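Raw target_35.cif, mmCIF, C-alpha atoms:
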data_coords
loop_
_atom_site.label_atom_id
_atom_site.label_comp_id
_atom_site.auth_asym_id
_atom_site.auth_seq_id
_atom_site.Cartn_x
_atom_site.Cartn_y
_atom_site.Cartn_z
CA MET J 1 96.03 111.00 96.74
CA SER J 2 94.30 111.19 100.08
CA ARG J 3 96.21 112.17 103.18
CA LEU J 4 95.73 108.59 104.39
CA LEU J 5 98.30 107.36 101.86
CA ASP J 6 100.23 110.57 101.35
CA ASP J 7 101.32 110.55 105.00
CA LEU J 8 102.86 107.13 104.40
CA GLY J 9 104.88 108.35 101.45
CA VAL J 10 102.81 106.42 98.91
CA SER J 11 103.12 108.16 95.54
CA LEU J 12 101.66 105.49 93.24
CA PRO J 13 97.92 104.98 93.83
CA VAL J 14 98.00 101.33 92.74
CA LEU J 15 98.36 98.98 95.70
CA ALA J 16 98.95 95.25 96.13
CA ALA J 17 95.89 93.65 97.70
CA PRO J 18 96.29 91.00 100.41
CA MET J 19 96.16 87.41 99.15
CA ALA J 20 95.82 84.79 101.86
CA GLY J 21 96.91 81.22 101.41
CA GLY J 22 100.43 81.82 100.15
CA ALA J 23 100.14 83.99 97.04
CA GLY J 24 100.88 87.16 99.01
CA THR J 25 104.47 87.30 100.25
CA PRO J 26 106.71 89.78 102.07
CA ALA J 27 108.67 90.12 98.82
CA LEU J 28 105.50 91.12 96.97
CA VAL J 29 104.57 93.66 99.63
CA THR J 30 108.07 95.12 99.56
CA ALA J 31 108.11 95.28 95.75
CA ALA J 32 104.82 97.19 95.76
CA ALA J 33 106.32 99.77 98.11
CA ARG J 34 109.51 100.03 96.06
CA ALA J 35 107.33 100.86 93.05
CA GLY J 36 105.89 103.82 94.98
CA GLY J 37 102.74 102.03 96.08
CA MET J 38 102.09 99.78 99.03
CA GLY J 39 101.05 96.21 99.78
CA PHE J 40 99.19 94.29 102.45
CA LEU J 41 100.35 91.16 104.20
CA ALA J 42 97.55 88.61 104.54
CA ALA J 43 97.09 87.42 108.11
CA GLY J 44 94.47 84.87 107.09
CA TYR J 45 95.30 81.17 107.68
CA LYS J 46 98.48 82.03 109.60
CA THR J 47 99.28 81.81 113.27
CA ALA J 48 100.08 85.04 115.04
CA GLN J 49 103.70 83.89 115.25
CA ALA J 50 103.93 83.31 111.49
CA LEU J 51 102.36 86.73 110.90
CA ALA J 52 104.88 88.33 113.28
CA GLU J 53 107.74 86.84 111.28
CA GLN J 54 106.38 88.24 108.02
CA ILE J 55 105.84 91.65 109.63
CA ASP J 56 109.43 91.66 110.85
CA THR J 57 110.66 90.80 107.35
CA VAL J 58 108.83 93.69 105.73
CA ARG J 59 109.51 96.12 108.57
CA ALA J 60 113.23 95.51 108.11
CA GLU J 61 112.92 96.87 104.57
CA GLY J 62 111.78 100.24 105.89
CA VAL J 63 108.72 100.47 103.62
CA PRO J 64 105.07 101.34 104.29
CA PHE J 65 102.74 98.34 104.43
CA GLY J 66 99.51 97.05 105.84
CA VAL J 67 98.12 93.84 107.30
CA ASN J 68 94.74 92.36 106.43
CA VAL J 69 92.95 90.34 109.11
CA PHE J 70 89.95 88.01 108.86
CA VAL J 71 87.34 88.93 111.46
CA PRO J 72 85.73 85.87 113.04
CA ALA J 73 82.34 85.83 111.33
CA PRO J 74 81.43 82.15 111.15
CA VAL J 75 78.78 80.89 108.78
CA PRO J 76 77.20 78.01 110.73
CA VAL J 77 76.79 74.70 108.94
CA ALA J 78 74.32 72.01 109.95
CA PRO J 79 76.32 68.93 111.01
CA GLU J 80 74.22 66.64 108.82
CA ALA J 81 74.76 68.87 105.75
CA TYR J 82 78.48 68.96 106.50
CA ARG J 83 78.74 65.18 106.80
CA ARG J 84 76.71 64.66 103.64
CA TYR J 85 79.06 66.95 101.69
CA ALA J 86 82.11 65.17 103.11
CA GLN J 87 80.74 61.90 101.79
CA VAL J 88 79.96 63.37 98.37
CA ILE J 89 83.50 64.69 97.79
CA GLN J 90 85.32 61.75 99.44
CA PRO J 91 85.84 59.98 96.07
CA GLU J 92 88.04 62.90 94.98
CA ALA J 93 90.11 62.49 98.15
CA ASP J 94 90.39 58.74 97.52
CA ARG J 95 92.62 59.56 94.53
CA TYR J 96 95.21 60.81 97.00
CA GLY J 97 94.68 58.25 99.75
CA LEU J 98 93.03 60.84 102.00
CA ARG J 99 90.20 60.34 104.46
CA LEU J 100 88.30 63.61 104.88
CA ASN J 101 86.83 64.57 108.23
CA ALA J 102 83.23 63.36 108.09
CA GLY J 103 82.69 63.83 111.83
CA GLU J 104 82.03 67.11 113.61
CA PRO J 105 82.67 70.33 111.67
CA VAL J 106 85.89 72.10 112.64
CA GLU J 107 85.46 75.75 113.56
CA ASP J 108 88.13 78.26 114.63
CA ASP J 109 88.71 82.00 114.87
CA ASP J 110 91.96 82.07 112.85
CA ASP J 111 94.00 82.95 115.96
CA TRP J 112 92.09 86.22 116.22
CA VAL J 113 92.93 87.30 119.77
CA ASN J 114 96.65 86.66 119.40
CA LYS J 115 96.78 88.53 116.11
CA ILE J 116 95.05 91.58 117.56
CA ASP J 117 97.34 91.49 120.60
CA LEU J 118 100.33 91.37 118.24
CA LEU J 119 99.12 94.29 116.13
CA VAL J 120 98.39 96.44 119.18
CA ALA J 121 101.73 95.64 120.85
CA SER J 122 103.76 95.96 117.65
CA PRO J 123 101.83 98.46 115.50
CA VAL J 124 101.95 98.51 111.70
CA PRO J 125 100.97 101.50 109.55
CA LEU J 126 97.65 100.09 108.29
CA VAL J 127 95.34 97.27 109.33
CA SER J 128 92.36 96.28 107.21
CA PHE J 129 89.56 93.95 108.26
CA THR J 130 87.59 91.50 106.13
CA PHE J 131 84.45 89.33 106.64
CA GLY J 132 83.15 91.38 109.55
CA VAL J 133 83.41 94.69 111.39
CA PRO J 134 85.44 94.21 114.57
CA ASP J 135 84.30 95.31 117.97
CA ALA J 136 84.72 99.02 118.69
CA SER J 137 87.29 98.26 121.39
CA VAL J 138 89.54 96.58 118.81
CA ILE J 139 89.34 99.55 116.46
CA LYS J 140 90.04 101.99 119.29
CA SER J 141 93.01 99.98 120.56
CA LEU J 142 94.62 99.89 117.13
CA ARG J 143 94.02 103.58 116.51
CA ARG J 144 95.51 104.45 119.91
CA SER J 145 98.61 102.51 118.94
CA GLY J 146 99.01 104.72 115.87
CA THR J 147 97.58 102.33 113.28
CA THR J 148 95.20 103.48 110.55
CA VAL J 149 92.20 101.14 110.41
CA LEU J 150 90.42 100.23 107.17
CA GLN J 151 87.28 98.13 106.71
CA SER J 152 86.53 96.01 103.64
CA VAL J 153 83.00 96.53 102.28
CA THR J 154 81.02 95.42 99.25
CA SER J 155 78.08 97.84 99.31
CA ALA J 156 76.99 101.29 100.40
CA ASP J 157 75.10 99.76 103.33
CA GLU J 158 78.25 98.03 104.54
CA ALA J 159 80.17 101.29 104.08
CA ARG J 160 77.72 103.01 106.39
CA GLN J 161 78.20 100.29 109.01
CA ALA J 162 81.95 100.75 108.78
CA SER J 163 81.65 104.52 109.10
CA GLU J 164 79.55 104.12 112.22
CA ALA J 165 82.31 101.93 113.67
CA GLU J 166 84.67 104.90 113.27
CA VAL J 167 87.25 103.32 110.98
CA ASP J 168 89.68 105.59 109.14
CA GLY J 169 88.97 104.39 105.62
CA LEU J 170 87.32 101.79 103.42
CA VAL J 171 88.43 99.04 101.09
CA VAL J 172 85.64 98.81 98.53
CA GLN J 173 85.52 95.43 96.77
CA ALA J 174 83.43 94.65 93.70
CA SER J 175 82.15 91.15 93.04
CA ALA J 176 84.57 90.84 90.09
CA ALA J 177 87.45 90.44 92.58
CA GLY J 178 89.28 87.14 92.82
CA GLY J 179 89.27 85.05 95.99
CA HIS J 180 86.87 85.47 98.87
CA SER J 181 84.28 88.19 98.80
CA ALA J 182 84.51 90.57 101.74
CA THR J 183 80.72 90.63 102.05
CA LEU J 184 79.35 90.95 105.56
CA THR J 185 76.32 88.85 104.54
CA PRO J 186 77.74 85.77 102.76
CA GLN J 187 74.40 83.96 102.77
CA ARG J 188 72.92 86.57 100.41
CA PRO J 189 73.58 86.66 96.65
CA LEU J 190 76.25 89.17 95.70
CA ALA J 191 75.20 92.06 93.50
CA SER J 192 77.14 92.28 90.24
CA VAL J 193 77.97 95.98 90.19
CA PRO J 194 80.85 97.42 88.13
CA LEU J 195 83.56 98.80 90.39
CA PRO J 196 83.22 102.47 89.31
CA ASP J 197 79.47 102.35 89.98
CA LEU J 198 80.04 100.74 93.38
CA ILE J 199 82.60 103.40 94.31
CA ALA J 200 80.22 106.18 93.29
CA ASP J 201 77.44 104.61 95.33
CA VAL J 202 79.68 104.34 98.41
CA ARG J 203 81.08 107.82 97.89
CA ARG J 204 77.56 109.28 98.10
CA SER J 205 77.26 108.02 101.67
CA THR J 206 80.71 108.75 103.11
CA THR J 207 83.72 111.02 102.84
CA LEU J 208 86.12 108.39 104.17
CA PRO J 209 89.18 107.59 102.05
CA ILE J 210 88.59 104.67 99.68
CA VAL J 211 90.91 101.98 98.36
CA ALA J 212 88.99 100.03 95.70
CA GLY J 213 89.46 96.84 93.75
CA GLY J 214 87.74 94.04 91.92
CA GLY J 215 88.28 93.21 88.26
CA ILE J 216 90.97 95.84 87.63
CA ALA J 217 92.99 94.62 84.65
CA THR J 218 94.16 97.60 82.60
CA PRO J 219 95.44 101.17 82.98
CA ALA J 220 92.00 102.34 81.87
CA ASP J 221 90.44 100.41 84.76
CA VAL J 222 92.74 102.15 87.21
CA THR J 223 91.87 105.55 85.77
CA ALA J 224 88.14 104.77 85.96
CA THR J 225 88.52 103.63 89.56
CA LEU J 226 90.16 106.88 90.62
CA ARG J 227 87.77 109.05 88.61
CA ALA J 228 84.84 107.34 90.30
CA GLY J 229 86.08 108.63 93.66
CA ALA J 230 88.62 106.14 94.97
CA ASP J 231 91.88 107.40 96.45
CA ALA J 232 93.76 104.33 95.26
CA ALA J 233 93.20 101.13 93.31
CA ALA J 234 94.09 97.69 94.67
CA VAL J 235 95.00 94.72 92.50
CA GLY J 236 95.51 91.08 93.42
CA THR J 237 94.88 88.75 90.49
CA LEU J 238 97.21 90.70 88.20
CA LEU J 239 100.05 90.04 90.64
CA LEU J 240 99.60 86.27 90.79
CA ARG J 241 102.09 85.57 87.98
CA THR J 242 104.70 88.07 89.11
CA ASP J 243 108.20 87.12 90.18
CA GLU J 244 107.42 87.83 93.83
CA SER J 245 104.13 85.94 93.97
CA GLY J 246 103.88 82.86 96.14
CA ALA J 247 101.08 81.32 94.06
CA ALA J 248 101.50 77.66 93.17
CA ALA J 249 102.97 76.90 89.76
CA ALA J 250 99.76 75.15 88.69
CA HIS J 251 97.74 78.22 89.68
CA LYS J 252 100.00 80.53 87.68
CA ALA J 253 99.83 78.24 84.64
CA ALA J 254 96.04 78.00 84.79
CA LEU J 255 95.72 81.77 84.38
CA THR J 256 97.01 81.43 80.81
CA ASP J 257 95.62 77.96 80.02
CA PRO J 258 92.95 78.20 77.29
CA ALA J 259 91.12 75.31 78.98
CA PHE J 260 89.94 77.79 81.61
CA THR J 261 87.53 80.18 79.97
CA GLU J 262 85.78 82.02 82.80
CA THR J 263 85.63 82.83 86.48
CA VAL J 264 82.63 82.08 88.68
CA MET J 265 81.60 82.71 92.24
CA THR J 266 81.64 79.53 94.30
CA GLY J 267 81.25 78.26 97.84
CA ALA J 268 82.26 74.71 96.98
CA PHE J 269 85.80 75.00 98.35
CA THR J 270 85.29 76.95 101.56
CA GLY J 271 81.58 77.42 102.26
CA ARG J 272 81.94 81.16 101.68
CA PRO J 273 81.55 82.95 98.31
CA ALA J 274 84.82 83.31 96.42
CA ARG J 275 85.66 83.87 92.76
CA GLY J 276 87.91 81.49 90.86
CA LEU J 277 88.52 79.83 87.53
CA ARG J 278 85.71 77.45 86.72
CA ASN J 279 86.97 73.88 86.97
CA HIS J 280 85.87 70.29 87.61
CA PHE J 281 85.42 70.71 91.36
CA ILE J 282 83.15 73.73 90.98
CA ASP J 283 81.12 72.13 88.18
CA SER J 284 80.68 68.92 90.16
CA TYR J 285 80.00 70.20 93.67
CA GLU J 286 78.82 73.82 93.66
CA ALA J 287 75.18 72.76 93.51
CA VAL J 288 75.47 70.51 96.59
CA ALA J 289 78.01 72.43 98.70
CA PRO J 290 76.58 73.77 101.98
CA ALA J 291 77.30 77.25 103.24
CA GLY J 292 79.60 76.94 106.22
CA TYR J 293 82.79 78.87 106.88
CA PRO J 294 85.36 77.96 108.09
CA ALA J 295 84.09 74.38 108.48
CA VAL J 296 83.94 73.65 104.73
CA HIS J 297 87.33 75.32 104.28
CA HIS J 298 88.85 72.92 106.81
CA LEU J 299 87.05 69.95 105.25
CA THR J 300 88.45 70.51 101.74
CA ALA J 301 91.87 71.86 102.76
CA PRO J 302 93.71 68.49 102.77
CA LEU J 303 92.32 67.63 99.33
CA ARG J 304 93.28 71.01 97.92
CA LYS J 305 96.78 70.73 99.40
CA ALA J 306 97.28 67.34 97.77
CA ALA J 307 95.95 68.61 94.45
CA ILE J 308 98.33 71.57 94.52
CA ALA J 309 101.27 69.26 95.18
CA ALA J 310 100.20 67.12 92.21
CA GLY J 311 99.43 70.08 89.94
CA ASP J 312 95.85 68.80 89.61
CA THR J 313 93.96 71.91 88.48
CA ARG J 314 90.71 69.95 88.41
CA LEU J 315 90.58 70.15 92.21
CA ILE J 316 92.53 73.31 93.10
CA HIS J 317 90.87 76.52 94.22
CA LEU J 318 92.16 78.67 91.35
CA TRP J 319 91.21 82.04 92.79
CA ALA J 320 91.08 84.72 90.11
CA GLY J 321 89.22 87.90 89.32
CA THR J 322 87.55 88.61 86.00
CA GLY J 323 90.66 90.33 84.59
CA TYR J 324 92.88 87.26 85.03
CA ARG J 325 93.99 87.09 81.38
CA GLU J 326 95.95 90.32 81.88
CA ALA J 327 98.22 88.82 84.55
CA LYS J 328 101.81 88.84 83.23
CA ALA J 329 104.98 86.97 84.13
CA GLU J 330 107.05 89.98 85.17
CA SER J 331 108.15 91.83 88.27
CA ALA J 332 105.47 93.20 90.57
CA THR J 333 107.02 96.63 90.13
CA ARG J 334 106.51 96.39 86.38
CA THR J 335 102.88 95.30 86.80
CA LEU J 336 102.00 98.18 89.12
CA GLN J 337 103.81 100.78 87.03
CA ARG J 338 102.16 99.46 83.88
CA LEU J 339 98.73 99.78 85.47
CA ALA J 340 99.51 103.38 86.45
CA ALA J 341 100.62 104.33 82.94
CA GLN J 342 97.62 106.61 82.25
CA LEU J 343 97.80 108.57 85.50
#
Let me see the structure of the file written as structure tokens.
Amino acid sequence: MSRLLDDLGVSLPVLAAPMAGGAGTPALVTAAARAGGMGFLAAGYKTAQALAEQIDTVRAEGVPFGVNVFVPAPVPVAPEAYRRYAQVIQPEADRYGLRLNAGEPVEDDDDWVNKIDLLVASPVPLVSFTFGVPDASVIKSLRRSGTTVLQSVTSADEARQASEAEVDGLVVQASAAGGHSATLTPQRPLASVPLPDLIADVRRSTTLPIVAGGGIATPADVTATLRAGADAAAVGTLLLRTDESGAAAAHKAALTDPAFTETVMTGAFTGRPARGLRNHFIDSYEAVAPAGYPAVHHLTAPLRKAAIAAGDTRLIHLWAGTGYREAKAESATRTLQRLAAQL
């Protein structure tokens, strides 16, 4: 274990990755710590106030934890392409009596300034960043407050950028990971590189501590991740069916449904590449979906919310990594300990 985690009292090098949108919960983060590991709260899609409440909940448990923050890194969408896509998917929304926003694209920064102010004023042990490398002043402010700063990367080139920004460590994510890719260049195709090879490639360019994830499904995967040069492995998809997960019931059920046979990378739901179970929405709209984050995310959000409430897996963003079949209905502690069985 690297000093980065050892100083926090983390004895199990299998961590709970952040999962924005509800799947990640304070209970899941706490359970990961109780197992000897650690978890990350997901700040994405929350207000700073909602994040503060979750931080207070976990902090009261007296366990080490981190917070993952989306860096504002908008992918611009042409208004005409946005409106055309809104019209194409409107028939799906008609099923639920919804009128999607076919006007001007909605952009926001996910309450960025208020979240950074919160994390500087009320420091947490670790903060990781995704989608972009924050300004040097942000990194310095957090480090001065006593927080260890990690940067999510998907390639050796991105790792070098992060190192130059003087972060304390890296979160290396392979394309096999479920949910949004952390890529800094979402308009470019993602390279399909096995996680151990990606870790080795990054390790050749930096000595920074590495937390790595993407497609980890078995104890052998964890062992391979650490042998490749990572200090810890991070898992998300395998925790989706656990007792502490906040994933929707339909999402949990889909992970074991034989009707879903593979995961694919898609921008159809949010305008940014993310991996999920292949379903009707992806098959129907991936080819015509414009790149554009967060505008496309905001466009489809009401439809996805209605589909989740109805259990309509045809239209839900069923985020999942390639190892999704290994997700078990059990406690998060059991999942993490099971994955560490060969260490």
Nearest to Asp283 of chain J by atom-to-atom distance, counting only C-alpha atoms, from J:Ala31, J:Ala191, J:Ala156, J:Leu315: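 With only C-alpha atoms as the atom set, the closest residue is J:Leu315.
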Nearest candidate to Gly132 of chain J (options J:Leu15, J:Val69, J:Val193, J:Ala234; using only C-alpha atoms):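 Among the listed residues, J:Val69 lies closest to Gly132 of chain J.
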Residues within 12 Å of Val120 of chain J, all atoms listed in the file, excluding chain neighbours under 2 positions, as a ChimeraX atom specification: /J:52,113-118,122-127,137-149
The PyMOL selection byres ((chain J and resi 327) around 9) resolved against shown file, as a ChimeraX atom specification: /J:217,237-242,255-256,323-326,328-330,335
For Gly271 of chain J, the nearest of the candidates J:Val77, J:Ala102, J:Val235, J:Ala121, counting only C-alpha atoms: J:Val77
Pick from J:Gln49, J:Ser11, J:Gln173, J:Ser192 nearest to Gly37 of chain J, counting all atoms listed in the file: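 For Gly37 of chain J, the nearest of the given residues is J:Ser11.
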Determine, counting all atoms listed in the file, which protein, DNA and RNA residues have an atom within 7 Å of an atom of segment 197-210 of chain J; residues of the same chain fewer than 4 positions away are not included. Present the result as a CSV table (one decimal) with C-alpha atoms, in the frame of the given file.
chain,number,residue,atom,x,y,z
J,2,SER,CA,94.3,111.2,100.1
J,155,SER,CA,78.1,97.8,99.3
J,156,ALA,CA,77.0,101.3,100.4
J,159,ALA,CA,80.2,101.3,104.1
J,160,ARG,CA,77.7,103.0,106.4
J,168,ASP,CA,89.7,105.6,109.1
J,169,GLY,CA,89.0,104.4,105.6
J,170,LEU,CA,87.3,101.8,103.4
J,171,VAL,CA,88.4,99.0,101.1
J,172,VAL,CA,85.6,98.8,98.5
J,174,ALA,CA,83.4,94.6,93.7
J,193,VAL,CA,78.0,96.0,90.2
J,228,ALA,CA,84.8,107.3,90.3
J,229,GLY,CA,86.1,108.6,93.7
J,230,ALA,CA,88.6,106.1,95.0
J,231,ASP,CA,91.9,107.4,96.4
J,232,ALA,CA,93.8,104.3,95.3
